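Beneath this line is the structure, given in C-alpha cells, with notes to follow.
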Amino acid sequence: MAPLVLAGQVRCWRCGDAIWPGEPWDLGHDDHDRSQYRGPEHARCNRSAAKALQDQAPGVELPERGGLAAKDERWAVPWLKGLRRVPKDATWPRLMTVPHPAAVGSFGAQFVKWADRREGGSLRWWQRLAATRMLEHDDGGQLVWDAVLLSMARQLGKSWLLRELCLWRIEQGDRFGEPQDVLHTGKDLAVCVEVQRPARIWAKPQTNRYRVREANGQETIELLEGRGGRWLVKAKGAPYGFAFSAAVVDEAWNVEYAHVEEGVVPTMMERRSPQMLLVSTAHRAATSLMLTRRKVALTHLESGDGDLLIEWSAPRGAAVDDPAVWRLASPHWGVYREKKLRQKLEAAYRGESVDPTEPDPMEAFRAQYLNQWPKGLTAQVGEELLPVGLWRRLQDESDSADGPLSVAVEDNFGVGAAVAAATVLDDGRIMVDGWTFPDWDAALGFVGRLGSRVVELQVGASMLSRMPLGTVPTPRPAGTAETKPGLAVFRDLAAGHRLVHNSREPKLDEAVVGARVKEGAVGLTLVPSETTHLVRALVWAVAAAHRPAPVPMVY
C-alpha cells in the first residue's frame, strides 16, 4: 500500500525537490522575519534551517512569528475602510488572519449601528474591528468564518462585545433564513450567566418582544418576533441534543477539546452560516482546545483558509516591565489601565499572584496581562495508546498486501486531511498504512487511485457532504461513536500482535507512537494532537477490517 506518486507536485522553496503526497511539509517563512511567507517546504528542511539558526545563537529561542501591520495592503478591503486608522487610545492586533478569500463584504456596519442604538452609545474601536472581521460574508450572504478565536488581556470589554453579538444574532432569522439559536457555554456556568445578566435585565420589561427565563442553569432570552431565536446559557457538557446557529465558548482555555469538538461543533452542522467563537485570555494550564486551534490558525494567518484569529498579545521574551509591551496585549489603552497594570506587576514582584489558579506570580502576570500563550501543553495528558516499543515490534517488511481495503478519511479542521487503510492478510493479521495530505481534495484523489480494492469507506461525519455524488463504495460517516470502540479494538489487536505495518510512512509511526488516550466511564478518548485526525482514521479502518463478514442465515 505504498502511496501513489503524483507528478508535478509543488516544490520545496529551500531544496527545490518535489513534495510528494503524504510527505511531511510546512508553510515556509523567512528565517529572520517570520511575517514573510516564502512558500511550502519539507518538514526536514524546516527542521534543518531551525537547527542552523540555533547553532548561530546557542540557547536563544527562535523568535515568535509576527503579524501584519495596519498599513499592510492585505487589509485594503472596502469593509475595513476607516478601521485601519488606529485611534491613539487603541492598538492594532499583533496577530490577525487576513480577510477570507471568499469574503466580499461584512455585516459589521449593520451590527455596529444596531449595538450603538441599543446601548445609546458607541462601541470601542477594537470591538467594531473584531465584529467586522467576524461577520465577513460571501456573495451569497453567508458568513465565511466557521470558527473565530478572540484573545486579549483581562478587563478590556470582551463580555460587552459578546453580549451584543449574542443579542444581535438571535434577531437575524430573516437575514439567514431560519431561527437563530445561540449557545453560550464556557469554563463555568457562572461566567456565562454574568455576561448575559445585563441583557436579561434589558429584555425582561419588553414582554411583547422577549421571553426571559432565569431559572438556575436554564437562563434564556427568547425573541418572540419574526422567525424567533434564543440565547441559551448551558454548562460546557450540556449542549448535546440541540441545534445552534452560533456558539460562544467563554474562558476557552479551561474547556476540554472533547466538550467543543464532540459536543458543540456537531450541533451546528446543519445550520446556515454557523459560527463558533472561542474567547479566552492565555493561561499556562490551557487545554489542547485553544492551543491546537491557535497553532493551526497561526499557520494560515496569511492565507485566510483556516480559522479567524484576532489576538492582542506580547511576544515571549519581551520586557515584562515595559508599558509599550503591555499595550500589545491591550486593544484599548489609557492612563488608568497603565496605572493598574503597574500595581499588578508590583504585586507579582512581591509574590502575590493575580490568578488563584496559577501559583507562579510572574507567570500569572504574563498570562493575564501580556496574554502570552504557552507553546504546548505544560504536562502530558493521559497515557500512551500503545506501550513503548510495541509499535516498532509490529513492523514487518516481509509482508505485502493486495487484498480488499477498508479505508477511512478524516479532516483536520479544514487545513489538512488523513487517509488510513487496513486489509486482512492470509494469516489473519491486519496490515495497516496511513498518510497525511495538505487538503481534503488531495486525500480524496488518493483514495480514488486505490481503485476497486476499496470495499469499505468511512469519512468523518462532518465531511460527509463533501463527498462526490456516486462515490463507490458508498461512504459511511464515522465519529466519536466509532472512535471509542475503535481505540479499544486497536489496542487489543496490537497487544496480541495481530497488527502489522511497514516503515514506509514516518508520519504514521509518529502519529501512533505519540498518540495518548484518557480512560473514562464510557471508554477511551483521544488526547488531541497535530496528528489526531490520522489516528482517528486509522482506528476506524482497523475496526472495519476486523469486523466479521456477515454470515447468511440458513433455514
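Lettering and numbering for the C-alpha cells are positional, with chains as A, B, ... in the shown order, residues counted from 1 in each chain, and ligands counted from 1 in the shown order.
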Please report, as a Markdown table, each residue of range 259-297 of chain A lying at most 12 Å from range 508-527 of chain A, together with the nearest pair of atoms and the separation in Å rounded to one decimal; use only C-alpha atoms, and order rows by chain and ascending residue number.
```
| residue | atom | partner | partner_atom | distance |
| --- | --- | --- | --- | --- |
| A:His259 | CA | A:Thr525 | CA | 11.7 |
| A:Glu261 | CA | A:Leu526 | CA | 11.7 |
| A:Glu262 | CA | A:Thr525 | CA | 10.9 |
| A:Thr287 | CA | A:Val527 | CA | 10.1 |
| A:Ser288 | CA | A:Val527 | CA | 8.1 |
| A:Leu289 | CA | A:Val527 | CA | 10.1 |
| A:Thr292 | CA | A:Val527 | CA | 11.1 |
```
Members of range 115-345 of chain A assigned strand (DSSP E) by DSSP, as a ChimeraX atom specification: /A:136-137,147-151,180-186,210-213,220-223,229-233,246-250,275-279,308-311
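Minimum atom-to-atom distance to Pro323 in chain A, evaluated using only C-alpha atoms, belongs to A:Leu345 out of A:Leu345, A:Ala537, A:Leu95, A:Ala131.
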So that each row is one residue of range 179-279 of chain A with an atom at most 12 Å from range 293-303 of chain A, can you give its shortest atom pair and the distance in Å to one decimal, using only C-alpha atoms, rows by chain and rising number, as a tab-separated table?
```
residue	atom	partner	partner_atom	distance
A:Ala252	CA	A:Arg293	CA	11.1
A:Trp253	CA	A:Arg294	CA	11.0
A:Tyr257	CA	A:Arg293	CA	9.9
A:Val260	CA	A:Arg293	CA	11.5
A:Glu261	CA	A:Arg293	CA	10.9
A:Leu277	CA	A:Arg293	CA	11.7
A:Leu278	CA	A:Arg293	CA	9.6
A:Val279	CA	A:Arg294	CA	11.4
```
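Distances here use only C-alpha atoms; by that measure, the residue among A:Leu499, A:Leu123, A:Leu189, A:Val144 closest to Ala102 in chain A is A:Val144.
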Neighbour list for range 190-207 of chain A as a ChimeraX atom specification, cut-off 9 Å, only C-alpha atoms, skip fewer than 2 positions in-chain: /A:159-160,162-164,166-167,184-188,209-214,217,219-221,224,231,233-235,249-251
Residues within 10 Å of Ala282 in chain A, only C-alpha atoms, excluding chain neighbours under 4 positions, as a PyMOL selection string: chain A and resi 151-154+251-254+286+290-291+313+364+366-374
Spatial neighbours of Arg227 in chain A, 9 Å, only C-alpha atoms, chain gap at least 4 places, as a compact mmCIF listing (two decimals) with all heavy atoms, in the first residue's frame:
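The result, written out as out_6.txt:
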```
# COMPACT_ATOMS: atom_id res chain seq x y z
N GLU A 171 -31.66 38.02 16.50
CA GLU A 171 -32.60 38.82 15.72
C GLU A 171 -32.35 38.72 14.21
O GLU A 171 -32.99 39.45 13.44
CB GLU A 171 -32.52 40.28 16.15
CG GLU A 171 -32.97 40.52 17.58
CD GLU A 171 -33.24 41.98 17.88
OE1 GLU A 171 -33.17 42.79 16.94
OE2 GLU A 171 -33.56 42.29 19.04
N GLN A 172 -31.48 37.82 13.78
CA GLN A 172 -31.11 37.74 12.37
C GLN A 172 -31.75 36.57 11.64
O GLN A 172 -31.22 36.08 10.64
CB GLN A 172 -29.58 37.67 12.24
CG GLN A 172 -28.84 38.81 12.90
CD GLN A 172 -29.34 40.16 12.45
OE1 GLN A 172 -29.38 40.46 11.24
NE2 GLN A 172 -29.75 41.01 13.40
N GLY A 173 -32.90 36.12 12.12
CA GLY A 173 -33.57 34.99 11.47
C GLY A 173 -33.92 35.26 10.02
O GLY A 173 -33.75 34.40 9.15
N ASP A 174 -34.40 36.46 9.74
CA ASP A 174 -34.76 36.80 8.36
C ASP A 174 -33.51 36.90 7.48
O ASP A 174 -33.54 36.52 6.31
CB ASP A 174 -35.53 38.13 8.33
CG ASP A 174 -36.91 38.00 8.94
OD1 ASP A 174 -37.43 36.87 9.01
OD2 ASP A 174 -37.47 39.03 9.36
N GLY A 177 -32.43 33.19 7.09
CA GLY A 177 -33.45 32.29 6.58
C GLY A 177 -33.90 31.20 7.52
O GLY A 177 -34.58 30.26 7.10
N GLU A 178 -33.60 31.31 8.82
CA GLU A 178 -34.05 30.31 9.79
C GLU A 178 -33.89 30.89 11.20
O GLU A 178 -33.11 31.84 11.40
CB GLU A 178 -33.26 29.01 9.66
CG GLU A 178 -31.77 29.16 9.90
CD GLU A 178 -31.00 27.88 9.63
OE1 GLU A 178 -31.60 26.93 9.10
OE2 GLU A 178 -29.81 27.83 9.96
N PRO A 179 -34.61 30.34 12.19
CA PRO A 179 -34.45 30.84 13.56
C PRO A 179 -32.99 30.74 14.01
O PRO A 179 -32.29 29.78 13.68
CB PRO A 179 -35.35 29.91 14.38
CG PRO A 179 -36.36 29.40 13.40
CD PRO A 179 -35.63 29.27 12.10
N GLN A 180 -32.54 31.74 14.75
CA GLN A 180 -31.15 31.81 15.17
C GLN A 180 -31.04 31.52 16.67
O GLN A 180 -31.30 32.38 17.51
CB GLN A 180 -30.58 33.19 14.86
CG GLN A 180 -30.60 33.54 13.39
CD GLN A 180 -29.66 32.65 12.59
OE1 GLN A 180 -28.45 32.75 12.71
NE2 GLN A 180 -30.23 31.81 11.75
N LEU A 223 -36.51 35.58 21.54
CA LEU A 223 -37.17 36.59 20.72
C LEU A 223 -38.51 36.05 20.24
O LEU A 223 -38.59 34.95 19.70
CB LEU A 223 -36.28 36.95 19.52
CG LEU A 223 -36.84 37.95 18.52
CD1 LEU A 223 -36.91 39.33 19.16
CD2 LEU A 223 -35.98 37.99 17.26
```
Residue list (alpha helix (DSSP H), DSSP) for range 454-544 of chain A, as JSON, numbers by chain: {"A": [480, 481, 482, 483, 484, 485, 486, 487, 488, 489, 490, 491, 492, 493, 494, 495, 506, 507, 508, 509, 510, 511, 512, 513, 514, 532, 533, 534, 535, 536, 537, 538, 539, 540, 541, 542, 543, 544]}
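Closest approach to Leu405 in chain A among A:Val432, A:Leu135, A:Ala285, A:Leu385: A:Val432, based on only C-alpha atoms.
The interatomic distance for the pair CA of Asp138 in chain A and CA of Arg118 in chain A works out to 26.9 Å.
When only C-alpha atoms are used to compute distances to Gly351 in chain A, the closest of the residues A:Val182, A:Val500, A:Glu363, A:Leu457 turns out to be A:Glu363.
For the choices A:Leu390, A:Leu80, A:Ala69, A:Leu309, the atom-to-atom distance to Arg498 in chain A is smallest for A:Leu390 when using only C-alpha atoms.
Take CA of Ala246 in chain A and CA of Ser273 in chain A: the distance between them is 8.3 Å.
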Coordinates-based distance that separates CA of Arg316 in chain A from CA of Gly67 in chain A (Å, one decimal): 14.3 Å
